[in-house]
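First the structure, in the form of structure tokens, and then the observations on it.
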Amino acid sequence: MNGSARLRRLASYAFVAALVVAAISCNEAHPNSTLTPHTDLGREIDFLWDRLLLLGTIVFVLVEVVLIYVVFRYRRRENQGTPPQTHGSTKLEIAWTLIPAVILVFIAVPTVRTIFITQAQAAPGSLEIDVTGHQWWWEFRYPDYGVTTANEIYLPVGRTVNFRLRSADVIHSFWAPQLGGKRDVITNRTNYIWYTPDTSIAANVWNGFCVEFCGASHANMRFRVFTVTPQQFESWVAGQKMPARFGAVGPAAPTTGPIPPPHEGPAVTTPGGPNSPTQAAQAAAHGIAQQSSGTGAVGGTQPAIPRPQNAEANPRARLGAAQFPSVATASAGVAPGYIFPREKVPDYAIPHSPIPPGLKFTAGLTGNAHRGLKIFSGAACIGCHTIAGNPMAMGTTGPNLTHVGSRIAIAAGRFPNTAAYLALWIKNARAMKPEVIMPTLGLDEYDPVLKAKVTSATGGLTDQQIADIVAYLTALK
Ligand code: HEC
Ligand SMILES: [Cu+2]
């Protein structure tokens with residue numbers, strides 16, 4: 001291939017590449033783009049980026065024009081002798097020292113200004129959120145409200161939020177690209193980042209990520225930010241402050257809902273519960289995984305959250321108020337406070353992770369939340385999980401499950417929060433998420449970390465027991 005043919009070929013490659021870049025950047029949907037900020041902090045950084053990009057482009061174009069001109073204008077011609085050689089030029093040296101210095105001033109002034117703004121302390125009266133990075137999930141505490149959650153935060157628009165970032169183990173990094181950031185989460189050190197979500201972004205969901213490699217499941221360490229109106233936030237806080245709600249378990253319960261493998265379509269509830277036919281119809285209409293409150297569950301491939309159902313009678317009689325007082329007094333299956341409507345969650349915020357091949361769950365099982373509460377409270381779970389209102393569950397190694405039923409995803413955004421995924425998760429978390437700290441708990445399941453099978457001697461749970469636990473957890477709105 002001669003030189004000009006090669007040049008032409010390169011040019012056509014470059015042209016195609018430019019087209020691809022243009023096509024990608026014209027696409028509307030950029031849910032994780034950092035170039036469309038929705039907070040004050042995000043805009044400060046965006047301003048700096050725009051300014052530097054502009055200056056850099058001007059310098060680049062000037063330098064390239066001069067370079068190309070010089071290459072062609074002064075290229076070697078035939079029969080040309082050695083051109084005159086020069087050594088040293090004070091004028092030139094002053095020029096090429098001064099020009100970059102001036103350029104640097106233009107870069108330094110906005111940079112330093114932005115650093116001062118973004119590193120300043122948050123304004124007084126900000127909403128404080130304590131963020132703790134764990135391998136591989138996020139713990140969020142609202143110290144002013146006594147609310148603890150995992151992997152999902154609600155922020156009122158228009159109010160500055162001040163994140164206090166700490167790590168429980170290794171270095172992580174906290175980043176919700178469209179809101180602002182990112183900032184490292186470091187062991188034995190508290191970092192801060194604050195921003196104020198624009199009032200225009202109420203009723204939105206934003207993806208968040210861990211962006212510092214922190215081990216096997218680093219890529220599975222995500223979170224969701226819900227930006228809501230101040231009123232919705234107050235309502236959400238009020239609900240989250242309450243102890244666990246058990247769900248609507250009526251006197252006629254248990255109504256049933258078999259748990260199919262998640263790759264099968266939504267199953268049909270067995271008749272029995274007062275709401276069952278309506279629920280089934282709703283589920284069919286919305287393609288939503290169905291959940292009959294307090295009892296067994298149904299999952300489809302649809303990553304839906306159980307919808308609140310009508311509140312029913314008090315389960316106190318069945319549970320024994322003395323043993324689980326708060327659980328027993330809670331009677332409604334309806335979430336006690338505002339929760340972001342499941343059907344409004346955009347697709348980019350819904351997990352699409354595949355289920356590991358070989359992991360199966362007995363189809364058609366019916367869970368019972370009463371039994372689930374007892375099994376949960378007597379199993380290893382309570383050593384790692386807290387459920388406010390269940391005095392047995394006080395562990396802090398894993399996420400707080402007090403209102404786990406009101407979250408859209410589990411396992412730090414890896415799977416949708418439906419009965420079917422919950423069942424598989426409890427059965428073999430380590431198959432669902434590599435090397436996760438939560439052990440494999442399903443009877444006869446293979447624990448890929450311990451490299452051993454789970455037996456009944458090591459507390460292995462049957463599918464029926466897991467279905468019961470799932471009924472209990474999904475009732476915790
Ligand atoms: C050794 C501690 C440990 C034990 C025992 C344990 N878990 Fe977990 N669990 C964890 C950890 C850690 C996570 C977070 C995993 C992740 O996302 O990386 C977790 C996550 C979960 C989640 C998802 C929560 C969320 O918001 O993402 C559920 C549900 C859950 N566990 C239920 C159970 C149940 C039910 C049991 C008992 C049958 C149990 N766990 C036993 C440590 C444990
Ligand atoms: Cu990480």
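Chain labels follow the order of the structure tokens: the first chain is A, the next B, and so on; residue numbering restarts at 1 in every chain, and ligands are counted from 1 in their shown order.
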Item to complete: Find the residues near ligand 2. Use a cut-off of 6 Å, count only C-alpha atoms and all ligand atoms, and write them as a VMD selection string.
Response: chain A and resid 172 210 to 214 218
Any chance you could export the current selection's C-alpha atoms as an mmCIF file, in the first residue's frame?
data_model
loop_
_atom_site.group_PDB
_atom_site.id
_atom_site.type_symbol
_atom_site.label_atom_id
_atom_site.label_comp_id
_atom_site.auth_asym_id
_atom_site.auth_seq_id
_atom_site.Cartn_x
_atom_site.Cartn_y
_atom_site.Cartn_z
ATOM 1 C CA HIS A 172 -14.633 2.990 48.340
ATOM 2 C CA CYS A 210 -18.869 2.826 44.063
ATOM 3 C CA VAL A 211 -16.042 4.130 41.906
ATOM 4 C CA GLU A 212 -12.962 2.883 43.712
ATOM 5 C CA PHE A 213 -12.068 -0.755 43.228
ATOM 6 C CA CYS A 214 -12.901 -2.477 46.503
ATOM 7 C CA HIS A 218 -17.047 -3.715 43.463
#
For the contact check between segment 398-418 of chain A and segment 353-369 of chain A, emit one row per residue of segment 398-418 of chain A within 9 Å, containing the shortest atom pair and the distance in Å rounded to one decimal, counting only C-alpha atoms, chain then rising number order, as a tab-separated table.
residue	atom	partner	partner_atom	distance
A:Arg414	CA	A:Ser353	CA	6.2
A:Phe415	CA	A:Ser353	CA	6.3
A:Pro416	CA	A:Ser353	CA	8.8
Worksheet item: What does the distance between atom CA of Lys433 of chain A and atom CA of Ala216 of chain A come to in Å, to one decimal place?
Response: 9.0 Å
Practice prompt. Could you tell me which of A:Thr97, A:Gln231, A:Thr149, A:Thr196 comes closest to ligand 1 if we count only C-alpha atoms and all ligand atoms?
Written response: A:Thr149
Shell of 9 Å around segment 54-69 of chain A, only C-alpha atoms, local chain residues under 5 positions omitted, as a tab-separated table (two decimals) with C-alpha atoms, in the first residue's frame:
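Output (part_13.tsv):
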chain	number	residue	atom	x	y	z
A	49	TRP	CA	-14.99	21.75	32.85
A	74	TYR	CA	9.50	24.75	5.83
A	103	ILE	CA	-2.67	30.54	30.01
A	106	PHE	CA	-6.67	31.66	33.11
A	107	ILE	CA	-6.87	28.03	34.21
Set the distance at 8 Å and use only C-alpha atoms: which residues neighbour Gln240 of chain A once local chain neighbours fewer than 6 positions away are removed? I'd like the list as a PDB file with N, CA and C atoms, in the first residue's frame.
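Output file out26.pdb is given in full below:
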ATOM      1  N   VAL A 147     -33.106   7.520  61.190  1.00  0.00           N
ATOM      2  CA  VAL A 147     -33.505   6.601  60.113  1.00  0.00           C
ATOM      3  C   VAL A 147     -32.258   5.925  59.554  1.00  0.00           C
ATOM      4  N   THR A 148     -32.338   4.604  59.365  1.00  0.00           N
ATOM      5  CA  THR A 148     -31.235   3.872  58.747  1.00  0.00           C
ATOM      6  C   THR A 148     -31.769   3.103  57.555  1.00  0.00           C
ATOM      7  N   PRO A 336     -46.108   2.843  55.695  1.00  0.00           N
ATOM      8  CA  PRO A 336     -46.577   3.893  56.597  1.00  0.00           C
ATOM      9  C   PRO A 336     -46.263   5.298  56.108  1.00  0.00           C
ATOM     10  N   GLY A 337     -45.301   5.448  55.235  1.00  0.00           N
ATOM     11  CA  GLY A 337     -44.989   6.777  54.728  1.00  0.00           C
ATOM     12  C   GLY A 337     -44.873   6.760  53.225  1.00  0.00           C
ATOM     13  N   HIS A 403     -37.231  -1.757  56.843  1.00  0.00           N
ATOM     14  CA  HIS A 403     -38.214  -1.420  55.806  1.00  0.00           C
ATOM     15  C   HIS A 403     -37.780  -1.985  54.463  1.00  0.00           C
TER      16      HIS A 403
END
Practice prompt. Using atom CA of Ser235 of chain A and atom CA of Val157 of chain A as the two end points, give the distance in Å to one decimal.
Written response: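 We find that atom CA of Ser235 of chain A and atom CA of Val157 of chain A lie 14.1 Å from each other.
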Response to the item:
Using only C-alpha atoms, the residue out of A:Gly146, A:Gly180, A:Gly372, A:Pro110 with shortest distance to Tyr472 of chain A is A:Gly372
Worksheet item: In terms of the shortest atom-to-atom distance over only C-alpha atoms and all ligand atoms, which of A:Pro124, A:Gly133, A:Pro177, A:Gly413 is closest to ligand 1?
Response: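 Residue with the minimum atom-to-atom distance to ligand 1: A:Gly413.
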Worksheet item: Which residues, written as a list in words, have at least one atom at most 12 Å from Thr34 of chain A, with only C-alpha atoms counted and residues fewer than 3 positions away on the same chain left out?
Response: His30, Pro31, Pro37, His38, Thr39, Leu41, Gly42, Arg43, Ile45, Asp46, Trp49, Trp175, Ala176, Pro177, Gln178, Leu179, Gly180, Gly181, Lys182, Trp206, Asn207 and Gly208 of chain A
